[in-house]
$ cat model_5.cif   # mmCIF, C-alpha atoms
data_my_file
loop_
_atom_site.label_atom_id
_atom_site.label_comp_id
_atom_site.auth_asym_id
_atom_site.auth_seq_id
_atom_site.Cartn_x
_atom_site.Cartn_y
_atom_site.Cartn_z
CA MET A 6 35.36 139.18 128.48
CA PRO A 7 37.09 141.80 130.66
CA ARG A 8 39.51 144.11 128.92
CA SER A 9 42.47 142.81 130.97
CA THR A 10 41.66 139.25 129.89
CA ARG A 11 41.41 140.29 126.25
CA VAL A 12 44.79 141.99 126.47
CA LEU A 13 46.32 138.88 128.07
CA VAL A 14 44.83 136.58 125.43
CA GLY A 15 46.02 138.89 122.67
CA ALA A 16 49.52 138.96 124.13
CA ARG A 17 49.59 135.18 124.33
CA LEU A 18 48.45 134.86 120.72
CA ALA A 19 51.09 137.34 119.57
CA PHE A 20 53.74 135.44 121.55
CA SER A 21 52.59 132.13 120.05
CA ALA A 22 52.72 133.59 116.55
CA ALA A 23 56.23 134.93 117.14
CA CYS A 24 57.36 131.55 118.45
CA ALA A 25 55.88 129.79 115.42
CA GLN A 26 57.78 132.15 113.13
CA ALA A 27 61.00 131.34 114.97
CA GLN A 28 60.55 127.55 114.88
CA SER A 29 63.04 125.50 112.91
CA PHE A 30 61.97 123.29 110.01
CA SER A 31 63.50 121.22 107.23
CA PHE A 32 62.98 120.90 103.50
CA GLY A 33 64.32 118.48 100.89
CA LEU A 34 66.13 118.90 97.55
CA TRP A 35 66.53 116.47 94.66
CA GLY A 36 66.67 116.42 90.87
CA ASP A 37 68.36 115.16 87.69
CA MET A 38 66.52 111.84 87.95
CA PRO A 39 65.18 109.37 86.99
CA TYR A 40 67.16 108.68 83.82
CA HIS A 41 65.01 105.87 82.46
CA LYS A 42 67.48 104.71 79.79
CA ALA A 43 70.12 104.22 82.48
CA GLY A 44 67.90 102.10 84.72
CA ASP A 45 67.12 104.62 87.45
CA ASP A 46 63.47 103.55 87.72
CA ALA A 47 64.21 100.65 90.04
CA LYS A 48 65.89 103.01 92.52
CA ILE A 49 63.20 105.71 92.62
CA PRO A 50 60.72 103.96 95.01
CA ALA A 51 63.34 103.84 97.77
CA LEU A 52 64.16 107.51 97.18
CA LEU A 53 60.52 108.57 97.33
CA GLU A 54 59.96 106.50 100.47
CA SER A 55 63.00 108.10 102.12
CA ILE A 56 61.70 111.59 101.37
CA ASN A 57 58.14 110.70 102.38
CA GLN A 58 59.20 109.15 105.69
CA SER A 59 61.25 112.21 106.66
CA ASP A 60 59.93 115.09 108.73
CA ILE A 61 60.57 117.76 106.09
CA ALA A 62 57.94 120.41 105.46
CA PHE A 63 58.24 120.09 101.66
CA PRO A 64 60.62 118.88 98.91
CA ILE A 65 61.88 120.93 95.96
CA TYR A 66 62.87 119.26 92.68
CA ASP A 67 65.57 121.22 90.85
CA GLY A 68 65.13 120.08 87.27
CA ASP A 69 65.86 117.39 84.65
CA ILE A 70 62.99 114.92 84.74
CA LYS A 71 64.74 112.78 82.10
CA ASP A 72 68.17 112.17 80.59
CA GLY A 73 69.64 114.34 77.85
CA SER A 74 69.55 111.80 75.01
CA SER A 75 65.96 110.52 74.95
CA ARG A 76 62.84 111.80 73.22
CA CYS A 77 61.02 114.84 74.56
CA GLY A 78 57.52 113.49 74.03
CA ASP A 79 54.55 114.64 76.09
CA ASP A 80 54.82 111.46 78.15
CA ILE A 81 57.91 112.78 79.97
CA TYR A 82 55.80 115.50 81.60
CA THR A 83 52.91 113.25 82.59
CA SER A 84 55.35 110.65 83.94
CA ALA A 85 57.06 113.29 86.10
CA LEU A 86 53.73 114.53 87.41
CA ALA A 87 52.80 110.96 88.36
CA MET A 88 56.07 110.67 90.30
CA PHE A 89 55.52 114.04 91.99
CA GLY A 90 51.98 112.97 92.86
CA GLN A 91 53.42 110.30 95.13
CA MET A 92 54.92 112.91 97.43
CA ARG A 93 53.07 113.15 100.75
CA LYS A 94 54.15 116.76 101.21
CA PRO A 95 53.66 119.58 98.70
CA LEU A 96 56.39 119.53 96.05
CA VAL A 97 57.83 122.51 94.19
CA TYR A 98 59.16 121.81 90.67
CA VAL A 99 61.87 123.76 88.83
CA PRO A 100 62.41 123.13 85.08
CA GLY A 101 65.68 121.73 83.74
CA ASP A 102 67.36 121.76 80.34
CA ASN A 103 66.58 118.14 79.48
CA GLU A 104 62.83 118.77 79.38
CA TRP A 105 62.90 121.74 77.01
CA THR A 106 66.20 123.49 76.19
CA ASP A 107 67.91 120.36 74.81
CA CYS A 108 64.91 118.95 72.98
CA HIS A 109 66.25 120.34 69.67
CA ARG A 110 68.87 117.57 69.66
CA LEU A 111 68.44 114.87 67.04
CA ASN A 112 68.57 112.13 69.70
CA ASN A 113 65.82 113.98 71.60
CA GLY A 114 63.50 113.90 68.61
CA GLY A 115 64.47 117.21 67.00
CA TYR A 116 61.73 119.23 68.69
CA ASP A 117 61.36 122.99 68.69
CA ALA A 118 62.66 123.89 72.16
CA LEU A 119 60.32 126.86 72.51
CA GLU A 120 57.32 124.69 71.66
CA ARG A 121 58.44 122.27 74.37
CA LEU A 122 58.77 125.15 76.83
CA ALA A 123 55.22 126.21 76.06
CA GLN A 124 54.03 122.64 76.59
CA LEU A 125 55.96 122.37 79.84
CA ARG A 126 54.30 125.52 81.17
CA LYS A 127 50.90 124.15 80.24
CA VAL A 128 51.30 120.60 81.58
CA MET A 129 53.71 120.91 84.51
CA PHE A 130 52.01 123.99 85.98
CA PRO A 131 48.30 123.34 85.39
CA THR A 132 47.19 125.09 88.59
CA SER A 133 48.60 127.63 91.00
CA PRO A 134 49.22 125.26 93.96
CA SER A 135 52.13 122.82 93.98
CA PRO A 136 51.82 119.11 93.09
CA GLY A 137 51.81 116.38 95.73
CA LYS A 138 49.18 114.74 97.93
CA ARG A 139 49.11 117.99 99.89
CA GLN A 140 49.38 121.32 98.14
CA ARG A 141 51.08 124.60 98.92
CA PRO A 142 49.86 127.91 97.48
CA LEU A 143 52.51 129.51 95.30
CA LEU A 144 52.96 133.00 93.93
CA HIS A 145 53.72 132.81 90.20
CA GLN A 146 55.41 135.22 87.83
CA GLY A 147 52.99 135.60 84.94
CA GLN A 148 49.65 134.04 84.14
CA PRO A 149 48.75 130.32 83.86
CA GLY A 150 50.19 128.75 80.69
CA GLU A 151 52.00 131.94 79.72
CA LYS A 152 55.57 133.21 79.93
CA PHE A 153 57.43 132.83 83.23
CA TYR A 154 54.52 131.21 85.08
CA GLU A 155 57.00 128.49 86.07
CA ASN A 156 58.86 130.96 88.31
CA THR A 157 57.37 130.74 91.79
CA ARG A 158 57.78 132.18 95.27
CA PHE A 159 56.54 131.43 98.78
CA SER A 160 57.52 132.12 102.37
CA HIS A 161 57.83 129.70 105.27
CA ARG A 162 58.76 130.70 108.83
CA ARG A 163 60.87 133.76 108.08
CA VAL A 164 62.51 132.31 104.97
CA VAL A 165 61.64 133.30 101.39
CA PHE A 166 61.86 130.64 98.67
CA VAL A 167 62.14 131.58 94.99
CA THR A 168 62.40 129.27 91.96
CA LEU A 169 63.74 130.26 88.56
CA ASN A 170 63.65 128.74 85.09
CA MET A 171 67.39 128.91 84.53
CA PRO A 172 68.44 125.66 82.86
CA GLY A 173 71.73 124.18 81.80
CA SER A 174 73.07 124.27 78.25
CA ASN A 175 74.01 127.92 78.77
CA ASN A 176 70.48 129.00 79.66
CA ASN A 177 69.26 128.43 76.07
CA LEU A 178 71.69 131.00 74.63
CA ILE A 179 73.05 129.89 71.23
CA LEU A 180 76.57 131.23 70.71
CA ASP A 181 77.17 130.80 66.97
CA GLU A 182 76.19 128.90 63.84
CA ARG A 183 78.02 125.73 64.88
CA ASP A 184 76.36 125.82 68.29
CA CYS A 185 73.03 126.19 66.52
CA THR A 186 73.32 123.20 64.19
CA PHE A 187 75.62 120.71 65.99
CA LYS A 188 73.72 117.42 66.41
CA SER A 189 70.57 119.52 66.17
CA ALA A 190 67.44 119.90 64.08
CA ARG A 191 67.37 123.67 64.67
CA THR A 192 67.09 126.18 61.87
CA ALA A 193 68.76 129.58 61.89
CA GLU A 194 65.35 131.16 62.56
CA GLN A 195 64.78 128.91 65.55
CA CYS A 196 68.18 129.84 66.98
CA GLU A 197 67.39 133.53 66.58
CA ALA A 198 64.09 132.95 68.36
CA GLY A 199 65.92 131.01 71.08
CA ASN A 200 68.30 133.86 71.73
CA ALA A 201 65.42 136.33 71.90
CA GLU A 202 63.73 133.99 74.39
CA TYR A 203 66.89 133.86 76.50
CA LEU A 204 67.17 137.65 76.70
CA GLU A 205 63.53 138.07 77.70
CA ARG A 206 63.59 135.27 80.27
CA ASP A 207 66.92 136.41 81.74
CA ALA A 208 65.46 139.87 82.34
CA ALA A 209 62.36 138.28 83.90
CA ASN A 210 64.52 136.04 86.12
CA VAL A 211 66.50 139.01 87.38
CA GLN A 212 63.30 140.91 88.10
CA TRP A 213 61.77 137.92 89.93
CA MET A 214 64.93 137.46 92.00
CA GLN A 215 65.05 141.14 92.91
CA GLN A 216 61.39 141.09 93.91
CA ALA A 217 62.08 138.08 96.13
CA PHE A 218 64.88 139.94 97.91
CA GLN A 219 62.56 142.90 98.43
CA ALA A 220 59.91 140.57 99.85
CA ALA A 221 62.56 139.10 102.18
CA ARG A 222 63.54 142.55 103.38
CA ASP A 223 59.91 143.56 103.85
CA GLN A 224 59.26 140.42 105.90
CA LYS A 225 62.52 140.81 107.81
CA ALA A 226 63.30 137.28 106.67
CA ARG A 227 66.34 135.55 108.13
CA GLY A 228 67.14 133.85 104.86
CA ILE A 229 66.33 133.44 101.20
CA VAL A 230 66.58 130.23 99.13
CA LEU A 231 66.97 130.48 95.34
CA VAL A 232 66.55 127.28 93.33
CA MET A 233 67.43 126.79 89.67
CA GLN A 234 68.70 123.85 87.61
CA ALA A 235 71.82 125.16 85.90
CA ASP A 236 75.37 124.87 87.13
CA PRO A 237 76.46 128.43 86.35
CA GLY A 238 80.14 127.51 86.07
CA PHE A 239 81.58 127.99 89.53
CA ASP A 240 83.94 125.00 89.49
CA LEU A 241 86.17 124.61 86.44
CA PRO A 242 88.74 125.42 87.68
CA GLU A 243 88.76 127.25 91.00
CA THR A 244 92.02 129.13 90.54
CA GLU A 245 93.04 132.75 90.64
CA ALA A 246 94.61 132.49 87.19
CA PHE A 247 91.39 131.77 85.31
CA ASP A 248 87.72 132.15 86.16
CA GLU A 249 85.92 129.39 84.25
CA SER A 250 82.56 130.99 84.99
CA GLN A 251 83.57 133.71 82.51
CA ALA A 252 83.95 131.16 79.70
CA ALA A 253 81.60 131.45 76.72
CA ARG A 254 79.70 128.27 77.60
CA PHE A 255 78.62 129.87 80.89
CA SER A 256 78.15 133.39 79.52
CA ALA A 257 74.36 133.35 79.79
CA TYR A 258 74.52 133.22 83.59
CA ARG A 259 76.79 136.19 84.19
CA ASN A 260 74.14 138.90 84.17
CA PHE A 261 71.98 137.05 86.68
CA ILE A 262 74.89 136.14 88.98
CA ASP A 263 76.16 139.74 88.96
CA LYS A 264 72.70 140.98 89.95
CA LEU A 265 72.45 138.25 92.60
CA VAL A 266 75.75 139.39 94.13
CA ALA A 267 74.47 142.97 94.29
CA GLU A 268 71.28 141.88 96.07
CA THR A 269 73.16 139.60 98.46
CA GLU A 270 75.49 142.41 99.45
CA GLN A 271 72.48 144.47 100.54
CA PHE A 272 70.73 141.62 102.39
CA ALA A 273 71.25 141.21 106.13
CA GLY A 274 70.33 137.51 106.17
CA GLN A 275 71.74 134.34 104.65
CA VAL A 276 71.36 133.35 100.99
CA LEU A 277 71.26 129.71 99.84
CA LEU A 278 71.71 129.24 96.09
CA VAL A 279 70.64 125.73 95.02
CA HIS A 280 71.21 124.06 91.67
CA GLY A 281 71.58 120.63 90.09
CA ASP A 282 72.99 119.85 86.63
CA ALA A 283 76.41 118.46 87.69
CA HIS A 284 74.92 115.43 89.51
CA PHE A 285 77.13 115.35 92.61
CA PHE A 286 76.70 116.85 96.05
CA LYS A 287 78.70 119.95 96.83
CA MET A 288 78.42 122.83 99.28
CA ASP A 289 80.74 125.83 99.21
CA LYS A 290 81.00 129.62 99.01
CA PRO A 291 82.11 130.22 95.40
CA LEU A 292 81.42 133.96 95.27
CA TYR A 293 83.05 136.32 94.75
CA GLY A 294 85.79 133.90 93.77
CA PRO A 295 88.71 131.84 95.11
CA GLY A 296 90.45 134.87 96.55
CA LYS A 297 87.53 136.82 97.97
CA LEU A 298 84.49 135.69 99.94
CA LEU A 299 80.86 136.76 99.78
CA PRO A 300 80.18 135.56 103.33
CA ASN A 301 76.39 135.34 103.43
CA LEU A 302 75.93 133.29 100.22
CA THR A 303 76.23 129.48 100.19
CA ARG A 304 76.00 127.34 97.07
CA LEU A 305 74.41 123.89 97.33
CA GLN A 306 74.69 121.49 94.40
CA THR A 307 72.38 118.49 94.64
CA PHE A 308 72.73 114.83 93.70
CA GLY A 309 71.69 113.48 90.31
CA HIS A 310 71.92 110.33 88.18
CA PRO A 311 73.46 107.85 88.93
CA LEU A 312 73.57 109.07 92.55
CA ILE A 313 69.92 108.59 93.55
CA HIS A 314 70.00 110.48 96.84
CA TRP A 315 68.64 113.74 98.24
CA VAL A 316 69.63 116.61 100.50
CA GLN A 317 67.91 117.77 103.68
CA VAL A 318 68.27 121.40 104.73
CA THR A 319 67.34 122.38 108.27
CA VAL A 320 66.40 126.00 108.82
CA ASP A 321 66.84 127.59 112.24
CA PRO A 322 66.02 131.32 112.13
CA LYS A 323 67.69 131.75 115.52
CA ASN A 324 70.99 130.37 114.22
CA PRO A 325 73.30 132.99 112.63
CA THR A 326 74.06 130.60 109.75
CA VAL A 327 70.30 129.80 109.32
CA PHE A 328 70.87 126.77 107.03
CA THR A 329 72.31 123.38 108.06
CA ILE A 330 72.83 121.04 105.10
CA GLN A 331 72.86 117.24 105.31
CA PRO A 332 73.11 114.77 102.39
CA VAL A 333 70.72 111.81 102.77
CA ILE A 334 72.10 108.60 101.30
CA VAL A 335 69.35 106.23 100.20
CA LYS A 336 70.05 102.51 100.51
CA GLN A 337 69.02 100.63 97.39
#
$ encode --input "model_5.cif" --output "structure tokens"
Amino acid sequence: MPRSTRVLVGARLAFSAACAQAQSFSFGLWGDMPYHKAGDDAKIPALLESINQSDIAFPIYDGDIKDGSSRCGDDIYTSALAMFGQMRKPLVYVPGDNEWTDCHRLNNGGYDALERLAQLRKVMFPTSPSPGKRQRPLLHQGQPGEKFYENTRFSHRRVVFVTLNMPGSNNNLILDERDCTFKSARTAEQCEAGNAEYLERDAANVQWMQQAFQAARDQKARGIVLVMQADPGFDLPETEAFDESQAARFSAYRNFIDKLVAETEQFAGQVLLVHGDAHFFKMDKPLYGPGKLLPNLTRLQTFGHPLIHWVQVTVDPKNPTVFTIQPVIVKQ
């Protein structure tokens, strides 16, 4: 092949690659379902069909594979994996509080929450790729079956995605003796171990988030999507007189959110922070607070029981806002 032809072919390939990187795509978000005791099972097939029939590249499930007042037996994990296995596209799973943090509750069977976390890591993340009929390679924090392996990261068309094990119930931080024993089978030793676990995982979550921002900067990514389960307390109430997110029951999220703000301030692109936990759809810009805006961070709160719907996010790297968010209402 003549040199001029090789140069032309190379230029065309480079142009094609650049165009592919700039192409728009969509992904889906759902979580906090099914709650079997409440009768969600009958509604799930229509939800899965709606997601499967869409043109999204992949769905992300943001935690709570069961309700908060039923047993935390091993069957909850295998049942969730069977549901995820029905997805035609690769699915990314993020842990919620109902499948480990809250398992100490008497009506959950009085399990050791840290034992359930270890089991979750073993069963829900058996291999590096994601579940689903098609799989997506994922970068994990940690080694298979060990601490923090559930935190994942991947990139897709100039957007970095990062998932974090940051559940509700104050991120597994136990505030005092009453918090430790209320409607719970926990011992004082287990609560001490839980608080040590929180501190270690919070530090790992911050590190994983910071590494994701660095990866986004290195890739010159247009956006970054962070997905966790917990509602970190942005909403109650949104007034200048009192910041509910500073309340004790949300105290275990403050360190992470403060570090997230610092990273967002230094990031040229858009940041989408996704969580479930509250069970109703909401999109806003809650940071810094009601009286001051962090312009390039958007919060998306997804549907959950009894609202069996999902959210589609369209990503257009050429659009200054990058993310367009659309709730998808599933007819039952």
$ closest_residue --input "model_5.cif" --among "A:Gly33, A:Gly101, A:Pro39, A:Gly73" --to "Asn57 of chain A" --atoms "only C-alpha atoms"
A:Gly33
$ resolve_selection --input "model_5.cif" --expression "the PyMOL selection byres ((chain A and resi 311) around 10)" --output "ChimeraX atom specification"
/A:37-40,43-45,48,284-285,308-310,312-314
$ residues_near_point --input "model_5.cif" --point "(51.1, 131.9, 82.6)" --cutoff "12 Å" --atoms "all atoms listed in the file" --output "list in words"
Leu122, Ala123, Gln124, Leu125, Arg126, Lys127, Val128, Met129, Phe130, Pro131, Thr132, Ser133, Leu144, His145, Gln146, Gly147, Gln148, Pro149, Gly150, Glu151, Lys152, Phe153, Tyr154, Glu155, Asn156 and Thr157 of chain A
$ closest_residue --input "model_5.cif" --among "A:Lys323, A:His280, A:Arg206, A:Arg163" --to "Leu119 of chain A" --atoms "only C-alpha atoms"
A:Arg206
$ closest_atom_pairs --input "model_5.cif" --of "segment 250-276 of chain A" --to "segment 327-337 of chain A" --cutoff "9 Å" --atoms "all atoms listed in the file" --output "tab-separated table"
residue	atom	partner	partner_atom	distance
A:Gly274	CA	A:Val327	CA	8.3
A:Gln275	CA	A:Val327	CA	6.7
A:Val276	CA	A:Phe328	CA	8.9
$ resolve_selection --input "model_5.cif" --expression "the PyMOL selection byres ((chain A and resi 203) around 10)" --output "list in words"
Met171, Asn175, Asn176, Asn177, Leu178, Ile179, Glu197, Ala198, Gly199, Asn200, Ala201, Glu202, Leu204, Glu205, Arg206, Asp207, Ala208, Ala209 and Ala257 of chain A
$ build_atoms --input "model_5.cif" --residues "segment 131-146 of chain A" --atoms "N, CA, C and O atoms" --output "CSV table (one decimal), in the frame of the given file"
chain,number,residue,atom,x,y,z
A,131,PRO,N,49.7,123.2,85.8
A,131,PRO,CA,48.3,123.3,85.4
A,131,PRO,C,47.5,124.2,86.3
A,131,PRO,O,46.5,124.8,86.0
A,132,THR,N,47.9,124.3,87.6
A,132,THR,CA,47.2,125.1,88.6
A,132,THR,C,48.2,125.9,89.4
A,132,THR,O,49.4,125.6,89.4
A,133,SER,N,47.7,126.8,90.2
A,133,SER,CA,48.6,127.6,91.0
A,133,SER,C,49.3,126.9,92.1
A,133,SER,O,50.4,127.0,92.4
A,134,PRO,N,48.5,126.0,92.9
A,134,PRO,CA,49.2,125.3,94.0
A,134,PRO,C,50.2,124.3,93.4
A,134,PRO,O,50.3,123.9,92.3
A,135,SER,N,51.1,123.8,94.3
A,135,SER,CA,52.1,122.8,94.0
A,135,SER,C,51.5,121.4,93.8
A,135,SER,O,50.5,121.1,94.4
A,136,PRO,N,52.3,120.5,93.1
A,136,PRO,CA,51.8,119.1,93.1
A,136,PRO,C,52.1,118.4,94.4
A,136,PRO,O,52.8,118.9,95.3
A,137,GLY,N,51.7,117.1,94.5
A,137,GLY,CA,51.8,116.4,95.7
A,137,GLY,C,50.5,116.1,96.3
A,137,GLY,O,49.4,116.7,96.0
A,138,LYS,N,50.4,115.1,97.3
A,138,LYS,CA,49.2,114.7,97.9
A,138,LYS,C,48.6,115.9,98.8
A,138,LYS,O,47.4,116.0,99.0
A,139,ARG,N,49.5,116.7,99.3
A,139,ARG,CA,49.1,118.0,99.9
A,139,ARG,C,49.7,119.1,99.0
A,139,ARG,O,50.7,119.0,98.4
A,140,GLN,N,49.0,120.2,99.0
A,140,GLN,CA,49.4,121.3,98.1
A,140,GLN,C,49.8,122.6,98.9
A,140,GLN,O,49.3,122.8,100.1
A,141,ARG,N,50.6,123.3,98.3
A,141,ARG,CA,51.1,124.6,98.9
A,141,ARG,C,50.8,125.7,97.9
A,141,ARG,O,51.1,125.6,96.8
A,142,PRO,N,50.1,126.8,98.4
A,142,PRO,CA,49.9,127.9,97.5
A,142,PRO,C,51.2,128.5,97.1
A,142,PRO,O,52.1,128.7,97.9
A,143,LEU,N,51.3,128.9,95.8
A,143,LEU,CA,52.5,129.5,95.3
A,143,LEU,C,52.2,130.8,94.6
A,143,LEU,O,51.1,130.9,93.9
A,144,LEU,N,53.1,131.8,94.7
A,144,LEU,CA,53.0,133.0,93.9
A,144,LEU,C,53.7,132.8,92.6
A,144,LEU,O,54.9,132.4,92.7
A,145,HIS,N,53.1,133.0,91.5
A,145,HIS,CA,53.7,132.8,90.2
A,145,HIS,C,54.1,134.1,89.5
A,145,HIS,O,53.4,135.1,89.7
A,146,GLN,N,55.1,134.1,88.7
A,146,GLN,CA,55.4,135.2,87.8
A,146,GLN,C,54.7,135.0,86.5
A,146,GLN,O,55.0,134.1,85.8
